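Dropping data25.cif in here (mmCIF, C-alpha atoms and all ligand atoms):
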data_coords
loop_
_atom_site.group_PDB
_atom_site.id
_atom_site.type_symbol
_atom_site.label_atom_id
_atom_site.label_comp_id
_atom_site.auth_asym_id
_atom_site.auth_seq_id
_atom_site.Cartn_x
_atom_site.Cartn_y
_atom_site.Cartn_z
ATOM 1 C CA MET K 1 64.667 135.435 -112.761
ATOM 2 C CA SER K 2 63.191 138.571 -114.152
ATOM 3 C CA GLU K 3 66.256 139.917 -115.948
ATOM 4 C CA ARG K 4 65.651 138.316 -119.320
ATOM 5 C CA TRP K 5 65.513 141.246 -121.728
ATOM 6 C CA PRO K 6 67.439 144.433 -122.408
ATOM 7 C CA VAL K 7 65.732 147.540 -121.087
ATOM 8 C CA VAL K 8 66.009 151.198 -122.081
ATOM 9 C CA ALA K 9 66.986 153.141 -118.947
ATOM 10 C CA ILE K 10 66.667 156.911 -118.565
ATOM 11 C CA ASP K 11 67.927 159.087 -115.700
ATOM 12 C CA ILE K 12 66.473 162.604 -115.638
ATOM 13 C CA GLY K 13 68.424 165.073 -113.531
ATOM 14 C CA GLY K 14 68.435 168.843 -113.208
ATOM 15 C CA THR K 15 71.374 169.367 -115.569
ATOM 16 C CA LYS K 16 71.537 166.257 -117.734
ATOM 17 C CA ILE K 17 69.403 163.387 -118.961
ATOM 18 C CA ALA K 18 71.422 160.176 -119.134
ATOM 19 C CA GLY K 19 70.361 157.027 -120.896
ATOM 20 C CA GLY K 20 71.543 153.582 -121.849
ATOM 21 C CA VAL K 21 70.440 150.095 -122.674
ATOM 22 C CA VAL K 22 70.833 147.844 -119.654
ATOM 23 C CA LEU K 23 71.420 144.158 -120.285
ATOM 24 C CA PRO K 24 70.339 141.322 -118.019
ATOM 25 C CA GLY K 25 72.974 141.238 -115.265
ATOM 26 C CA GLY K 26 73.219 145.020 -115.084
ATOM 27 C CA GLY K 27 75.690 145.880 -117.859
ATOM 28 C CA VAL K 28 75.057 149.322 -119.385
ATOM 29 C CA ARG K 29 75.541 149.666 -123.163
ATOM 30 C CA LEU K 30 75.127 152.599 -125.549
ATOM 31 C CA ALA K 31 75.374 155.088 -122.664
ATOM 32 C CA ARG K 32 74.780 158.665 -123.719
ATOM 33 C CA GLN K 33 73.477 161.912 -122.317
ATOM 34 C CA VAL K 34 71.885 165.173 -123.339
ATOM 35 C CA PRO K 35 71.529 168.446 -121.418
ATOM 36 C CA THR K 36 68.229 168.700 -119.555
ATOM 37 C CA GLU K 37 67.721 172.359 -120.483
ATOM 38 C CA ALA K 38 65.485 172.591 -117.446
ATOM 39 C CA TRP K 39 64.800 176.282 -118.097
ATOM 40 C CA ALA K 40 62.735 175.332 -121.148
ATOM 41 C CA GLY K 41 60.097 173.747 -118.897
ATOM 42 C CA GLY K 42 58.693 170.357 -117.990
ATOM 43 C CA GLU K 43 57.187 169.514 -121.395
ATOM 44 C CA SER K 44 60.500 170.203 -123.070
ATOM 45 C CA VAL K 45 62.363 168.010 -120.552
ATOM 46 C CA LEU K 46 59.879 165.206 -121.185
ATOM 47 C CA ALA K 47 60.297 165.568 -124.964
ATOM 48 C CA ARG K 48 64.077 165.341 -124.631
ATOM 49 C CA ALA K 49 63.806 162.233 -122.434
ATOM 50 C CA ILE K 50 61.430 160.594 -124.934
ATOM 51 C CA ALA K 51 63.730 161.442 -127.852
ATOM 52 C CA LEU K 52 66.681 159.889 -126.022
ATOM 53 C CA ALA K 53 64.688 156.736 -125.234
ATOM 54 C CA GLN K 54 63.611 156.421 -128.888
ATOM 55 C CA GLU K 55 67.196 156.866 -130.045
ATOM 56 C CA LEU K 56 68.355 154.167 -127.610
ATOM 57 C CA ARG K 57 65.687 151.720 -128.676
ATOM 58 C CA HIS K 58 66.682 152.226 -132.301
ATOM 59 C CA ALA K 59 70.373 151.814 -131.425
ATOM 60 C CA ALA K 60 69.628 148.609 -129.499
ATOM 61 C CA LEU K 61 67.927 147.148 -132.560
ATOM 62 C CA THR K 62 70.654 148.123 -134.987
ATOM 63 C CA THR K 63 73.846 147.619 -132.974
ATOM 64 C CA PRO K 64 75.348 144.187 -133.551
ATOM 65 C CA THR K 65 76.824 143.951 -130.069
ATOM 66 C CA ALA K 66 76.462 140.830 -127.986
ATOM 67 C CA GLY K 67 73.190 140.949 -126.096
ATOM 68 C CA LEU K 68 71.758 143.685 -128.258
ATOM 69 C CA ALA K 69 70.070 143.600 -131.663
ATOM 70 C CA THR K 70 66.946 142.824 -129.656
ATOM 71 C CA GLN K 71 63.828 144.827 -129.052
ATOM 72 C CA PRO K 72 64.083 146.258 -125.516
ATOM 73 C CA ALA K 73 61.244 144.934 -123.382
ATOM 74 C CA ALA K 74 60.535 148.052 -121.346
ATOM 75 C CA VAL K 75 61.619 151.517 -120.304
ATOM 76 C CA GLY K 76 62.815 152.240 -116.759
ATOM 77 C CA ILE K 77 63.093 155.834 -115.587
ATOM 78 C CA GLY K 78 64.716 157.449 -112.574
ATOM 79 C CA ALA K 79 63.741 161.106 -112.264
ATOM 80 C CA ALA K 80 64.482 164.070 -110.066
ATOM 81 C CA GLY K 81 61.475 165.098 -108.022
ATOM 82 C CA GLY K 82 58.728 163.124 -106.368
ATOM 83 C CA VAL K 83 57.279 160.362 -108.545
ATOM 84 C CA ASP K 84 53.938 158.913 -107.506
ATOM 85 C CA PRO K 85 54.439 155.131 -107.451
ATOM 86 C CA GLU K 86 50.832 154.462 -108.481
ATOM 87 C CA SER K 87 50.439 156.861 -111.395
ATOM 88 C CA GLY K 88 54.061 157.490 -112.399
ATOM 89 C CA ARG K 89 53.286 161.197 -112.354
ATOM 90 C CA ILE K 90 55.645 163.900 -111.020
ATOM 91 C CA VAL K 91 53.974 165.086 -107.828
ATOM 92 C CA PHE K 92 56.755 167.331 -106.559
ATOM 93 C CA ALA K 93 59.620 169.216 -108.162
ATOM 94 C CA THR K 94 62.030 171.853 -106.952
ATOM 95 C CA SER K 95 62.846 175.112 -108.697
ATOM 96 C CA ALA K 96 65.685 173.251 -110.452
ATOM 97 C CA LEU K 97 63.043 171.804 -112.798
ATOM 98 C CA PRO K 98 60.380 174.450 -113.433
ATOM 99 C CA GLY K 99 57.132 173.024 -114.811
ATOM 100 C CA TRP K 100 58.161 169.441 -114.037
ATOM 101 C CA GLN K 101 55.523 168.957 -111.361
ATOM 102 C CA GLY K 102 52.356 167.479 -112.838
ATOM 103 C CA ILE K 103 54.038 165.788 -115.829
ATOM 104 C CA ALA K 104 52.566 162.313 -116.409
ATOM 105 C CA LEU K 105 56.061 160.928 -116.888
ATOM 106 C CA ARG K 106 55.391 157.198 -116.983
ATOM 107 C CA ASP K 107 52.286 157.247 -119.174
ATOM 108 C CA ARG K 108 53.619 159.790 -121.649
ATOM 109 C CA MET K 109 56.820 157.772 -122.122
ATOM 110 C CA ALA K 110 54.848 154.523 -122.397
ATOM 111 C CA SER K 111 52.578 155.862 -125.131
ATOM 112 C CA ALA K 112 55.425 157.532 -127.034
ATOM 113 C CA LEU K 113 57.475 154.324 -127.140
ATOM 114 C CA ASP K 114 54.642 151.818 -126.990
ATOM 115 C CA LEU K 115 56.554 149.898 -124.331
ATOM 116 C CA PRO K 116 55.759 149.064 -120.707
ATOM 117 C CA THR K 117 57.299 151.891 -118.667
ATOM 118 C CA PHE K 118 58.208 152.170 -114.991
ATOM 119 C CA ALA K 119 59.320 155.321 -113.189
ATOM 120 C CA ASP K 120 60.569 156.231 -109.750
ATOM 121 C CA ASN K 121 62.495 158.927 -107.928
ATOM 122 C CA ASP K 122 66.227 159.069 -108.715
ATOM 123 C CA GLY K 123 67.250 158.395 -105.103
ATOM 124 C CA ASN K 124 65.092 155.285 -105.046
ATOM 125 C CA VAL K 125 66.527 153.903 -108.280
ATOM 126 C CA MET K 126 70.091 154.626 -107.134
ATOM 127 C CA ALA K 127 69.459 152.536 -104.010
ATOM 128 C CA LEU K 128 67.807 149.816 -106.080
ATOM 129 C CA GLY K 129 70.686 149.707 -108.565
ATOM 130 C CA GLU K 130 73.315 149.406 -105.836
ATOM 131 C CA ALA K 131 71.189 146.854 -103.988
ATOM 132 C CA ALA K 132 70.740 144.644 -107.049
ATOM 133 C CA HIS K 133 74.102 144.962 -108.815
ATOM 134 C CA GLY K 134 76.422 147.150 -106.747
ATOM 135 C CA ALA K 135 77.794 147.296 -103.214
ATOM 136 C CA GLY K 136 74.523 145.998 -101.739
ATOM 137 C CA ARG K 137 74.358 142.923 -103.965
ATOM 138 C CA GLY K 138 73.244 139.838 -102.098
ATOM 139 C CA TYR K 139 71.410 141.715 -99.340
ATOM 140 C CA GLN K 140 67.638 141.946 -98.959
ATOM 141 C CA HIS K 141 67.552 145.196 -96.982
ATOM 142 C CA VAL K 142 69.714 148.050 -98.248
ATOM 143 C CA VAL K 143 69.759 151.797 -97.685
ATOM 144 C CA GLY K 144 71.446 153.802 -100.454
ATOM 145 C CA LEU K 145 72.547 157.420 -100.127
ATOM 146 C CA THR K 146 74.065 159.917 -102.512
ATOM 147 C CA VAL K 147 75.863 162.872 -100.996
ATOM 148 C CA GLY K 148 76.661 165.604 -103.476
ATOM 149 C CA THR K 149 74.940 168.893 -104.236
ATOM 150 C CA GLY K 150 72.120 167.406 -102.178
ATOM 151 C CA VAL K 151 71.602 164.353 -100.038
ATOM 152 C CA GLY K 152 69.374 161.778 -101.697
ATOM 153 C CA GLY K 153 68.739 158.115 -101.381
ATOM 154 C CA GLY K 154 66.275 155.338 -101.034
ATOM 155 C CA ILE K 155 65.260 152.366 -98.952
ATOM 156 C CA VAL K 156 65.223 148.878 -100.438
ATOM 157 C CA LEU K 157 63.390 146.269 -98.351
ATOM 158 C CA GLU K 158 62.990 142.654 -99.499
ATOM 159 C CA GLY K 159 64.787 143.672 -102.691
ATOM 160 C CA ARG K 160 62.242 146.326 -103.625
ATOM 161 C CA VAL K 161 61.951 150.081 -103.166
ATOM 162 C CA PHE K 162 60.005 150.924 -100.025
ATOM 163 C CA HIS K 163 57.599 153.741 -100.890
ATOM 164 C CA GLY K 164 55.613 154.073 -97.673
ATOM 165 C CA ALA K 165 51.848 154.614 -97.689
ATOM 166 C CA TRP K 166 51.725 157.016 -100.660
ATOM 167 C CA GLY K 167 55.230 157.359 -102.009
ATOM 168 C CA GLY K 168 56.755 159.694 -99.456
ATOM 169 C CA ALA K 169 59.248 157.273 -97.899
ATOM 170 C CA GLY K 170 63.005 157.377 -98.345
ATOM 171 C CA ARG K 171 63.561 161.120 -98.423
ATOM 172 C CA ILE K 172 66.738 160.701 -96.455
ATOM 173 C CA GLY K 173 68.072 164.195 -97.135
ATOM 174 C CA HIS K 174 65.287 165.539 -94.966
ATOM 175 C CA LEU K 175 65.998 163.519 -91.858
ATOM 176 C CA ILE K 176 66.201 166.084 -89.086
ATOM 177 C CA VAL K 177 69.698 166.101 -87.638
ATOM 178 C CA ALA K 178 69.503 169.504 -85.931
ATOM 179 C CA ALA K 179 66.064 169.875 -84.378
ATOM 180 C CA GLU K 180 66.589 173.525 -83.528
ATOM 181 C CA GLY K 181 68.082 174.319 -86.898
ATOM 182 C CA PRO K 182 68.711 177.016 -87.779
ATOM 183 C CA ARG K 183 69.995 176.151 -91.188
ATOM 184 C CA PRO K 184 67.167 176.283 -93.769
ATOM 185 C CA CYS K 185 66.595 173.547 -96.326
ATOM 186 C CA TYR K 186 65.104 174.065 -99.795
ATOM 187 C CA CYS K 187 62.139 171.934 -98.663
ATOM 188 C CA GLY K 188 61.107 174.805 -96.434
ATOM 189 C CA GLY K 189 62.140 173.060 -93.232
ATOM 190 C CA GLN K 190 65.092 173.578 -90.940
ATOM 191 C CA GLY K 191 67.782 171.262 -89.656
ATOM 192 C CA CYS K 192 67.546 168.719 -92.497
ATOM 193 C CA LEU K 193 70.521 166.432 -93.107
ATOM 194 C CA GLU K 194 70.967 167.903 -96.573
ATOM 195 C CA ALA K 195 71.417 171.391 -95.128
ATOM 196 C CA TYR K 196 74.354 170.138 -93.026
ATOM 197 C CA ALA K 197 76.015 167.311 -94.945
ATOM 198 C CA SER K 198 75.798 168.215 -98.654
ATOM 199 C CA ALA K 199 78.751 169.601 -100.592
ATOM 200 C CA PRO K 200 77.306 173.142 -100.705
ATOM 201 C CA ALA K 201 76.697 172.962 -96.950
ATOM 202 C CA MET K 202 80.333 172.050 -96.310
ATOM 203 C CA LEU K 203 81.610 174.746 -98.635
ATOM 204 C CA GLU K 204 79.360 177.279 -96.968
ATOM 205 C CA ASP K 205 80.724 176.176 -93.601
ATOM 206 C CA PHE K 206 84.230 176.606 -94.881
ATOM 207 C CA LEU K 207 83.525 180.081 -96.230
ATOM 208 C CA ALA K 208 81.925 181.078 -92.942
ATOM 209 C CA THR K 209 84.944 179.781 -91.021
ATOM 210 C CA VAL K 210 87.816 181.182 -93.031
ATOM 211 C CA GLY K 211 86.280 183.388 -95.708
ATOM 212 C CA HIS K 212 86.870 186.701 -94.053
ATOM 213 C CA GLY K 213 89.947 185.840 -92.080
ATOM 214 C CA GLN K 214 93.581 185.607 -93.027
ATOM 215 C CA ALA K 215 93.216 182.015 -94.175
ATOM 216 C CA GLY K 216 90.545 183.112 -96.631
ATOM 217 C CA GLN K 217 92.726 185.871 -98.012
ATOM 218 C CA GLU K 218 95.558 183.408 -98.557
ATOM 219 C CA LEU K 219 93.245 181.268 -100.659
ATOM 220 C CA GLY K 220 92.401 184.289 -102.778
ATOM 221 C CA PRO K 221 89.244 185.091 -104.761
ATOM 222 C CA ASP K 222 88.850 181.468 -105.924
ATOM 223 C CA ILE K 223 87.502 180.515 -102.538
ATOM 224 C CA ALA K 224 83.936 181.256 -103.629
ATOM 225 C CA ARG K 225 84.266 178.884 -106.583
ATOM 226 C CA MET K 226 85.789 175.975 -104.670
ATOM 227 C CA ASP K 227 84.329 172.508 -104.893
ATOM 228 C CA VAL K 228 84.479 169.720 -102.397
ATOM 229 C CA ARG K 229 87.526 168.074 -104.013
ATOM 230 C CA GLU K 230 89.540 171.227 -103.458
ATOM 231 C CA LEU K 231 88.333 171.274 -99.890
ATOM 232 C CA ALA K 232 89.585 167.695 -99.572
ATOM 233 C CA ARG K 233 92.953 168.618 -101.081
ATOM 234 C CA LEU K 234 93.337 171.454 -98.582
ATOM 235 C CA ALA K 235 92.445 169.113 -95.734
ATOM 236 C CA ALA K 236 94.954 166.528 -96.951
ATOM 237 C CA ALA K 237 97.604 169.260 -97.116
ATOM 238 C CA GLY K 238 97.049 170.052 -93.459
ATOM 239 C CA HIS K 239 94.540 172.895 -93.630
ATOM 240 C CA GLU K 240 92.850 172.557 -90.254
ATOM 241 C CA ALA K 241 89.671 174.454 -91.035
ATOM 242 C CA ALA K 242 89.097 172.405 -94.200
ATOM 243 C CA ALA K 243 89.613 169.166 -92.290
ATOM 244 C CA ALA K 244 87.253 170.324 -89.544
ATOM 245 C CA VAL K 245 84.517 171.202 -92.030
ATOM 246 C CA ILE K 246 84.758 167.807 -93.754
ATOM 247 C CA ASP K 247 84.721 166.075 -90.375
ATOM 248 C CA ARG K 248 81.651 168.045 -89.346
ATOM 249 C CA GLY K 249 79.770 167.138 -92.519
ATOM 250 C CA ALA K 250 80.722 163.501 -92.015
ATOM 251 C CA ARG K 251 79.490 163.561 -88.423
ATOM 252 C CA TYR K 252 76.095 164.930 -89.462
ATOM 253 C CA LEU K 253 75.828 162.254 -92.128
ATOM 254 C CA GLY K 254 76.843 159.592 -89.610
ATOM 255 C CA ALA K 255 74.171 160.803 -87.198
ATOM 256 C CA GLY K 256 71.570 160.571 -89.959
ATOM 257 C CA ILE K 257 72.749 157.074 -90.867
ATOM 258 C CA ALA K 258 72.557 155.993 -87.213
ATOM 259 C CA THR K 259 68.880 156.978 -87.240
ATOM 260 C CA LEU K 260 68.351 154.847 -90.344
ATOM 261 C CA LEU K 261 70.139 151.899 -88.722
ATOM 262 C CA ASN K 262 68.068 152.185 -85.554
ATOM 263 C CA LEU K 263 64.859 152.522 -87.536
ATOM 264 C CA LEU K 264 65.316 150.015 -90.376
ATOM 265 C CA ASN K 265 68.201 147.678 -89.536
ATOM 266 C CA PRO K 266 69.425 147.404 -93.139
ATOM 267 C CA ALA K 267 72.097 144.776 -93.803
ATOM 268 C CA VAL K 268 74.284 147.393 -95.416
ATOM 269 C CA VAL K 269 74.365 151.123 -96.141
ATOM 270 C CA VAL K 270 75.768 152.173 -99.526
ATOM 271 C CA LEU K 271 77.179 155.668 -99.973
ATOM 272 C CA GLY K 272 77.617 157.321 -103.359
ATOM 273 C CA GLY K 273 77.938 160.824 -104.774
ATOM 274 C CA GLY K 274 80.687 163.375 -105.176
ATOM 275 C CA VAL K 275 81.332 163.986 -101.494
ATOM 276 C CA VAL K 276 82.067 160.306 -100.877
ATOM 277 C CA GLN K 277 84.941 160.589 -103.353
ATOM 278 C CA ILE K 278 86.801 162.579 -100.718
ATOM 279 C CA GLY K 279 87.834 159.085 -99.687
ATOM 280 C CA ASP K 280 88.657 157.110 -96.590
ATOM 281 C CA VAL K 281 89.127 160.073 -94.259
ATOM 282 C CA TYR K 282 85.543 161.061 -94.893
ATOM 283 C CA LEU K 283 84.134 157.514 -94.909
ATOM 284 C CA ASP K 284 85.872 156.634 -91.663
ATOM 285 C CA ALA K 285 84.487 159.742 -89.973
ATOM 286 C CA VAL K 286 80.993 158.818 -91.195
ATOM 287 C CA ARG K 287 81.410 155.264 -89.872
ATOM 288 C CA GLN K 288 82.655 156.474 -86.499
ATOM 289 C CA ALA K 289 79.774 158.896 -86.089
ATOM 290 C CA ALA K 290 77.212 156.299 -87.129
ATOM 291 C CA ALA K 291 78.646 153.784 -84.667
ATOM 292 C CA ALA K 292 78.682 156.387 -81.911
ATOM 293 C CA HIS K 293 74.979 157.144 -82.334
ATOM 294 C CA ALA K 294 73.601 153.717 -83.296
ATOM 295 C CA LEU K 295 72.306 151.218 -80.789
ATOM 296 C CA PRO K 296 74.501 148.180 -80.074
ATOM 297 C CA THR K 297 72.382 145.761 -82.143
ATOM 298 C CA VAL K 298 72.996 147.701 -85.362
ATOM 299 C CA ARG K 299 76.315 149.385 -84.577
ATOM 300 C CA GLU K 300 78.388 147.053 -86.743
ATOM 301 C CA THR K 301 76.332 147.573 -89.915
ATOM 302 C CA PRO K 302 78.734 147.950 -92.849
ATOM 303 C CA ILE K 303 78.788 151.375 -94.510
ATOM 304 C CA LEU K 304 80.242 150.820 -97.968
ATOM 305 C CA PRO K 305 81.182 153.077 -100.880
ATOM 306 C CA ALA K 306 78.906 152.706 -103.902
ATOM 307 C CA GLN K 307 80.235 150.561 -106.746
ATOM 308 C CA LEU K 308 78.260 151.634 -109.792
ATOM 309 C CA GLY K 309 79.091 155.340 -109.814
ATOM 310 C CA THR K 310 76.890 157.386 -112.107
ATOM 311 C CA ALA K 311 75.518 154.186 -113.696
ATOM 312 C CA ALA K 312 73.656 153.293 -110.488
ATOM 313 C CA ASN K 313 70.537 155.215 -111.532
ATOM 314 C CA LEU K 314 70.397 153.568 -114.973
ATOM 315 C CA VAL K 315 70.907 150.103 -113.520
ATOM 316 C CA GLY K 316 68.310 150.786 -110.826
ATOM 317 C CA ALA K 317 65.816 152.087 -113.396
ATOM 318 C CA ALA K 318 66.317 148.854 -115.338
ATOM 319 C CA VAL K 319 65.817 146.739 -112.201
ATOM 320 C CA LEU K 320 62.612 148.686 -111.556
ATOM 321 C CA ALA K 321 61.435 147.764 -115.053
ATOM 322 C CA TRP K 322 62.405 144.103 -114.686
ATOM 323 C CA GLN K 323 60.540 143.914 -111.387
ATOM 324 C CA GLY K 324 57.550 145.630 -112.966
ATOM 325 C CA LEU K 325 57.477 143.132 -115.844
ATOM 326 C CA GLU K 326 57.310 140.163 -113.471
HETATM 327 ZN ZN ZN Y 401 64.622 169.482 -96.027
#

Can you present the structure in this file as structure tokens?
Ligand SMILES: [Zn+2]
Amino acid sequence: MSERWPVVAIDIGGTKIAGGVVLPGGGVRLARQVPTEAWAGGESVLARAIALAQELRHAALTTPTAGLATQPAAVGIGAAGGVDPESGRIVFATSALPGWQGIALRDRMASALDLPTFADNDGNVMALGEAAHGAGRGYQHVVGLTVGTGVGGGIVLEGRVFHGAWGGAGRIGHLIVAAEGPRPCYCGGQGCLEAYASAPAMLEDFLATVGHGQAGQELGPDIARMDVRELARLAAAGHEAAAAVIDRGARYLGAGIATLLNLLNPAVVVLGGGVVQIGDVYLDAVRQAAAAHALPTVRETPILPAQLGTAANLVGAAVLAWQGLE
């Protein structure tokens, strides 16, 4: 078993950098976070991530908690953007992280901490964390998805992240669910799952449906600042347009999941992220749509809510490190 040592885990997102020390078995200790301050550029983001990792290593050595007071054996990193699995370098980043592309994330962290370091995309580590210690525990083949401001995720086959030929696999948010679009995606394409099933997509749908009508006026000026939980509350209170928008988002997600089932036959699909917190109404609609589109052999595949919440990325980053140390 590879999980013998504590590991420093870092999760670099567009708004915050989270970190913690992950113990064998997946328990997260000393969890903390700092703002990413993405506007300051890629080098600054890297420096903040390194500072957090150094702080965590020091805390692990000096905190007399069970399982700690030990030198962490490695650093595991989940990061927004495309991470080359060979070099650990950021090969793609969106405008949310200016200057992030090109950063030699893995090697710079490794030399700053003088520890073996392993890095992967945040969607991949989320899937790995849930597969190893969350809702996908016990299964060899797991697809993990997060549905929030975007749609992310990863594919875990034989217990490991599937990267494809050169690291491009698992970009689930860009499955094409509407071949003729027209809705644009930040990737430059049209008809991507993310452009139809993410929280902003649902809110945009809702605004387009009711924003200028009487229903929109009843909701007042706050309508433009709504989040998906408010949309869910409206739906639960009987607001038909809100319910229809949530159902539509769920059906697009279900269609995307059906494609994954037909293609990969995972044992289980794990769903995390803010949109999933809408609850059973949403999950059931996703399950129904997936079953409607999937072939009979994979139609019964369980679609389960994630169990690790925001810790999934830290746990997955640690699992990545443990696997890398083997
Ligand atoms: Zn796209």

Quiz item: Could you state the separation of atom CA of Val315 of chain K and atom CA of Pro6 of chain K in Å, given to one decimal place?
Solution: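 Interatomic distance here is 11.1 Å.
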
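You can rank K:Glu130, K:Glu158, K:Asp107, K:Asp11 by their closest distance to Glu86 of chain K using only C-alpha atoms, and at the top of that list sits K:Asp107.
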
Exercise. Could you please extract the residues within 12 Å of ligand ZN 401 (chain Y), counting all atoms listed in the file, and hand them back as a ChimeraX atom specification?
Key: /K:94,150-152,171-179,181-198

Which residues of segment 226-260 of chain K sit at most 8 Å from segment 199-211 of chain K, using all atoms listed in the file? Give each one's shortest atom pair and distance in Å (one decimal place), in chain and ascending residue order, as a Markdown table.
| residue | atom | partner | partner_atom | distance |
| --- | --- | --- | --- | --- |
| K:Met226 | CA | K:Leu203 | CA | 7.4 |
| K:Asp227 | CA | K:Leu203 | CA | 7.2 |
| K:Val228 | CA | K:Ala199 | CA | 6.0 |
| K:Leu231 | CA | K:Leu203 | CA | 7.7 |
| K:Ala241 | CA | K:Phe206 | CA | 7.0 |
| K:Ala242 | CA | K:Phe206 | CA | 6.5 |
| K:Val245 | CA | K:Met202 | CA | 6.0 |
| K:Ile246 | CA | K:Met202 | CA | 6.6 |
| K:Gly249 | CA | K:Met202 | CA | 6.2 |

Self-check item: Gap from atom CA of Val45 of chain K to atom CA of Ala79 of chain K - Å, one decimal
Solution: 10.9 Å

Quiz item: Got a sec: who's within 12 Å of Gly144 of chain K, counting only C-alpha atoms, leaving out chain neighbours fewer than 3 positions off, as number ranges by chain?
Solution: K: 122-132, 134-137, 141, 147, 151-157, 161-162, 170-173, 257, 260-261, 266-273, 303-308, 312-313, 316

Practice problem: Could you tell me which residues the PyMOL selection byres (((chain K and resi 18) around 9) and not hetatm) returns for this structure, as a ChimeraX atom specification? | Solution: /K:9-13,16-17,19-20,31-35,49,52,314
